[in-house]
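Content type compact mmCIF, C-alpha atoms and all ligand atoms, from the file entry02.txt:
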```
# COMPACT_ATOMS: atom_id res chain seq x y z
CA MET A 1 86.88 99.89 105.20
CA GLY A 2 90.39 99.25 106.48
CA ARG A 3 93.30 99.45 104.05
CA THR A 4 96.34 99.19 106.25
CA ILE A 5 97.10 97.64 109.61
CA TYR A 6 100.06 98.20 111.89
CA LEU A 7 101.27 97.12 115.33
CA ASP A 8 102.75 99.86 117.51
CA HIS A 9 105.52 99.46 120.12
CA ASN A 10 102.97 98.47 122.80
CA GLY A 11 101.35 95.77 120.70
CA ASP A 12 98.29 97.92 120.04
CA VAL A 13 96.73 97.53 116.61
CA LEU A 14 96.29 100.53 114.30
CA VAL A 15 93.94 100.39 111.35
CA ALA A 16 93.47 103.11 108.72
CA GLY A 17 91.17 103.35 105.76
CA VAL A 18 88.06 105.12 104.50
CA SER A 19 84.57 105.48 105.92
CA GLU A 20 81.39 107.22 104.78
CA ASN A 21 79.31 109.08 107.35
CA GLU A 22 75.53 109.63 107.53
CA GLU A 23 75.84 112.74 105.33
CA SER A 24 77.65 110.71 102.64
CA ILE A 25 80.96 112.45 103.43
CA TYR A 26 83.99 110.25 102.84
CA GLU A 27 86.42 110.35 105.73
CA PHE A 28 89.86 109.27 106.82
CA LEU A 29 89.16 106.56 109.37
CA ILE A 30 91.89 105.68 111.90
CA LEU A 31 91.35 103.46 114.90
CA LYS A 32 93.49 101.97 117.60
CA LEU A 33 92.68 98.68 119.31
CA SER A 34 94.21 97.06 122.37
CA PRO A 35 95.98 93.71 121.86
CA GLU A 36 92.69 92.14 123.00
CA GLY A 37 90.79 93.98 120.29
CA ARG A 38 89.16 96.61 122.54
CA PRO A 39 88.84 100.03 120.85
CA ARG A 40 91.12 102.68 122.39
CA TRP A 41 90.18 105.56 120.09
CA ILE A 42 88.76 106.28 116.68
CA ILE A 43 89.24 109.31 114.43
CA HIS A 44 87.06 110.41 111.53
CA HIS A 45 88.43 113.27 109.44
CA PRO A 46 86.89 114.58 106.19
CA SER A 47 88.79 113.40 103.12
CA PRO A 48 89.84 116.09 100.60
CA TYR A 49 88.85 113.63 97.89
CA GLN A 50 85.16 112.87 98.18
CA ALA A 51 85.10 109.46 96.56
CA PRO A 52 85.32 105.86 97.72
CA SER A 53 88.98 106.00 96.66
CA GLY A 54 89.63 108.83 99.16
CA GLY A 55 90.61 108.32 102.79
CA ALA A 56 93.72 106.82 104.34
CA TYR A 57 96.19 104.50 102.62
CA GLY A 58 99.50 104.62 104.51
CA LEU A 59 100.41 104.58 108.18
CA ALA A 60 103.66 104.88 110.15
CA ILE A 61 104.57 105.39 113.80
CA ASP A 62 107.51 106.98 115.57
CA VAL A 63 109.28 105.93 118.75
CA LEU A 64 106.66 107.70 120.89
CA ASN A 65 103.84 105.80 119.14
CA ASN A 66 102.67 108.97 117.42
CA VAL A 67 100.75 107.91 114.34
CA TYR A 68 101.27 109.36 110.84
CA VAL A 69 98.57 108.69 108.29
CA THR A 70 98.46 109.67 104.64
CA GLY A 71 96.00 109.47 101.78
CA PRO A 72 95.19 111.51 98.68
CA GLY A 73 95.48 115.20 99.54
CA LEU A 74 96.06 114.85 103.27
CA THR A 75 98.61 113.71 105.82
CA MET A 76 98.09 113.92 109.57
CA LYS A 77 99.85 113.26 112.84
CA ILE A 78 97.93 111.78 115.76
CA SER A 79 99.29 111.35 119.27
CA SER A 80 99.42 107.90 120.88
CA SER A 81 96.35 108.88 122.91
CA GLY A 82 94.35 109.80 119.82
CA GLU A 83 94.65 113.61 119.65
CA LEU A 84 95.06 115.16 116.22
CA ILE A 85 98.40 117.04 116.34
CA TRP A 86 98.52 118.45 112.82
CA THR A 87 97.29 117.99 109.29
CA THR A 88 98.84 119.18 106.06
CA LEU A 89 97.25 122.11 104.28
CA PRO A 90 94.90 121.12 101.46
CA CYS A 91 97.50 121.79 98.78
CA GLY A 92 96.91 119.03 96.27
CA ILE A 93 100.18 117.21 96.87
CA ALA A 94 99.60 117.01 100.58
CA GLY A 95 99.46 113.25 100.87
CA GLY A 96 100.12 109.99 99.12
CA VAL A 97 99.53 106.27 99.33
CA ALA A 98 102.50 105.27 101.51
CA ILE A 99 104.37 106.97 104.31
CA ALA A 100 107.68 106.63 106.11
CA ILE A 101 109.51 108.74 108.63
CA SER A 102 113.17 109.61 108.34
CA SER A 103 114.33 108.89 111.88
CA PRO A 104 111.87 107.11 114.17
CA GLU A 105 114.04 108.03 117.20
CA SER A 106 113.46 111.71 116.65
CA THR A 107 110.53 113.59 118.11
CA TYR A 108 110.59 115.70 114.95
CA PRO A 109 111.01 113.25 112.09
CA ALA A 110 110.61 114.38 108.52
CA VAL A 111 107.69 112.56 106.99
CA TYR A 112 107.80 111.26 103.44
CA THR A 113 104.75 110.19 101.55
CA THR A 114 104.54 108.76 98.08
CA GLY A 115 101.89 108.57 95.43
CA ASP A 116 102.06 110.41 92.14
CA TYR A 117 104.77 112.44 93.83
CA THR A 118 107.11 112.02 96.74
CA VAL A 119 106.40 114.62 99.35
CA LYS A 120 108.58 115.62 102.22
CA ILE A 121 106.55 117.13 105.00
CA ILE A 122 108.52 119.46 107.18
CA GLN A 123 107.46 119.44 110.78
CA ALA A 124 110.04 121.75 112.23
CA PRO A 125 108.58 125.28 112.21
CA GLY A 126 110.70 127.63 110.12
CA ASP A 127 112.73 124.88 108.46
CA VAL A 128 111.98 125.85 104.85
CA ASP A 129 114.48 123.51 103.19
CA GLY A 130 113.79 120.59 105.48
CA ASP A 131 117.37 119.90 106.59
CA GLY A 132 116.32 119.81 110.24
CA CYS A 133 117.74 123.18 111.30
CA VAL A 134 116.46 126.73 111.03
CA ASP A 135 119.33 128.84 109.78
CA ASP A 136 120.40 131.47 107.24
CA ALA A 137 119.56 129.15 104.31
CA ASP A 138 115.93 129.17 105.41
CA LEU A 139 116.00 132.91 106.00
CA LEU A 140 117.37 133.40 102.48
CA GLN A 141 114.51 131.41 100.96
CA ILE A 142 112.01 133.70 102.65
CA LEU A 143 113.85 136.84 101.58
CA MET A 144 114.22 135.65 97.97
CA HIS A 145 110.49 135.06 97.68
CA PHE A 146 109.36 137.91 99.90
CA GLY A 147 106.15 139.52 98.64
CA GLU A 148 105.37 136.71 96.20
CA ALA A 149 102.08 134.90 95.92
CA ALA A 150 103.11 131.36 96.75
CA TYR A 151 100.23 129.07 97.41
CA CYS A 152 101.48 125.85 98.98
CA ALA A 153 105.17 126.65 98.43
CA PRO A 154 107.54 125.49 101.19
CA TYR A 155 108.55 129.09 101.94
CA ASP A 156 104.91 130.03 102.58
CA LEU A 157 105.30 128.75 106.10
CA ASN A 158 101.85 129.65 107.40
CA GLY A 159 100.08 128.52 104.24
CA ASP A 160 98.18 131.76 103.62
CA GLY A 161 99.28 132.01 99.98
CA VAL A 162 101.72 134.90 100.29
CA VAL A 163 105.30 135.19 101.54
CA ASP A 164 105.41 138.06 103.98
CA ASP A 165 106.51 139.18 107.42
CA ALA A 166 104.39 136.49 109.09
CA ASP A 167 106.55 133.80 107.42
CA LEU A 168 109.71 135.73 108.20
CA LEU A 169 108.69 135.87 111.85
CA ILE A 170 108.30 132.06 111.98
CA VAL A 171 111.91 131.69 110.80
CA LEU A 172 113.21 134.34 113.18
CA MET A 173 111.35 132.90 116.18
CA ASN A 174 112.91 129.47 115.54
CA PHE A 175 116.28 130.67 114.28
CA GLY A 176 119.19 128.52 115.40
CA GLN A 177 117.04 125.57 116.37
CA CYS A 178 117.67 122.08 115.14
CA PHE A 179 115.03 119.42 115.50
CA CA B 1 116.79 124.50 107.22
CA CA B 2 102.62 133.17 104.31
```
Will you turn the file into structure tokens for me?
Ligand SMILES: [Ca+2]
Ligand SMILES: [Ca+2]
Amino acid sequence: MGRTIYLDHNGDVLVAGVSENEESIYEFLILKLSPEGRPRWIIHHPSPYQAPSGGAYGLAIDVLNNVYVTGPGLTMKISSSGELIWTTLPCGIAGGVAIAISSPESTYPAVYTTGDYTVKIIQAPGDVDGDGCVDDADLLQILMHFGEAAYCAPYDLNGDGVVDDADLLIVLMNFGQCF
């Protein structure tokens, strides 16, 4: 079932919604059609919420025709050719019902979704505070929370539930970069 439809910069048609597979698993369904209606690609991805109300609700594209899709509990980025680039960690507030990107010209836009909460999804690795650059402010966040259990916190950069040297390394490896 499609819920949202969008035209990209090439006139291709993007459709996102929910589907149910043979094993009764509800999925995010995203498909891209040519202007003539010929399928270019289709993606099925398990929905964190296993109900007919799960699946995709919002869709946005950037200047490169990358596709951003959000729904309850999940947001994902898909390349223009249909490869899954990333998904958010299953952290409860990982998706919403609408999505927008901060600067469509950027290759690294911040992604905002909205539902019960507004979520800013940081793409730039090591950018804890989401200001677009990895600097001492991000380093400080890691150091202040070092050793803490921090499931789904922004300073738990690798999403393993603890703030430790692995997160510190992500900041240090990207230090000084702006996206
Ligand atoms: Ca930052
Ligand atoms: Ca971590």
In Å to one decimal, how far is atom CA of Asp131 of chain A from atom CA of Leu172 of chain A?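 We find that atom CA of Leu172 of chain A and atom CA of Asp131 of chain A lie 16.4 Å from each other.
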For Pro48 of chain A, work out the shell of residues within 8 Å, counting only C-alpha atoms and skipping chain neighbours fewer than 3 positions away, then give it as a short mmCIF file (atom, residue, chain, number, x, y, z; two decimals) with C-alpha atoms, keeping the file's coordinate frame.
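result28.cif written:
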```cif
data_model
loop_
_atom_site.label_atom_id
_atom_site.label_comp_id
_atom_site.auth_asym_id
_atom_site.auth_seq_id
_atom_site.Cartn_x
_atom_site.Cartn_y
_atom_site.Cartn_z
CA GLY A 54 89.63 108.83 99.16
CA PRO A 72 95.19 111.51 98.68
CA GLY A 73 95.48 115.20 99.54
CA LEU A 74 96.06 114.85 103.27
CA PRO A 90 94.90 121.12 101.46
#
```
All residues 8 Å or closer to segment 152-164 of chain A, all atoms listed in the file, same chain fewer than 2 positions away omitted, as a PyMOL selection string: chain A and resi 89+91+125-126+128-129+141-142+145-150+166-168+170
What do you get as a list in words if you pick all residues at most 7 Å from ligand CA 1 (chain B), counting all atoms listed in the file? Asp127, Val128, Asp129, Gly130, Asp131, Gly132, Cys133, Val134, Asp135, Ala137 and Asp138 of chain A
What is the distance, in Å and to one decimal place, between atom CA of His9 of chain A and atom CA of Ser81 of chain A?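 A separation of 13.4 Å between them.
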Can you pull out the residues contacting segment 13-16 of chain A? Cut-off 6 Å, using all atoms listed in the file, and skip same-chain residues under 3 positions away; I want them as a ChimeraX atom specification. /A:2-7,29-33,56
Please report the interatomic distance between atom CA of Thr88 of chain A and atom CA of Leu64 of chain A in Å with one decimal. 20.3 Å
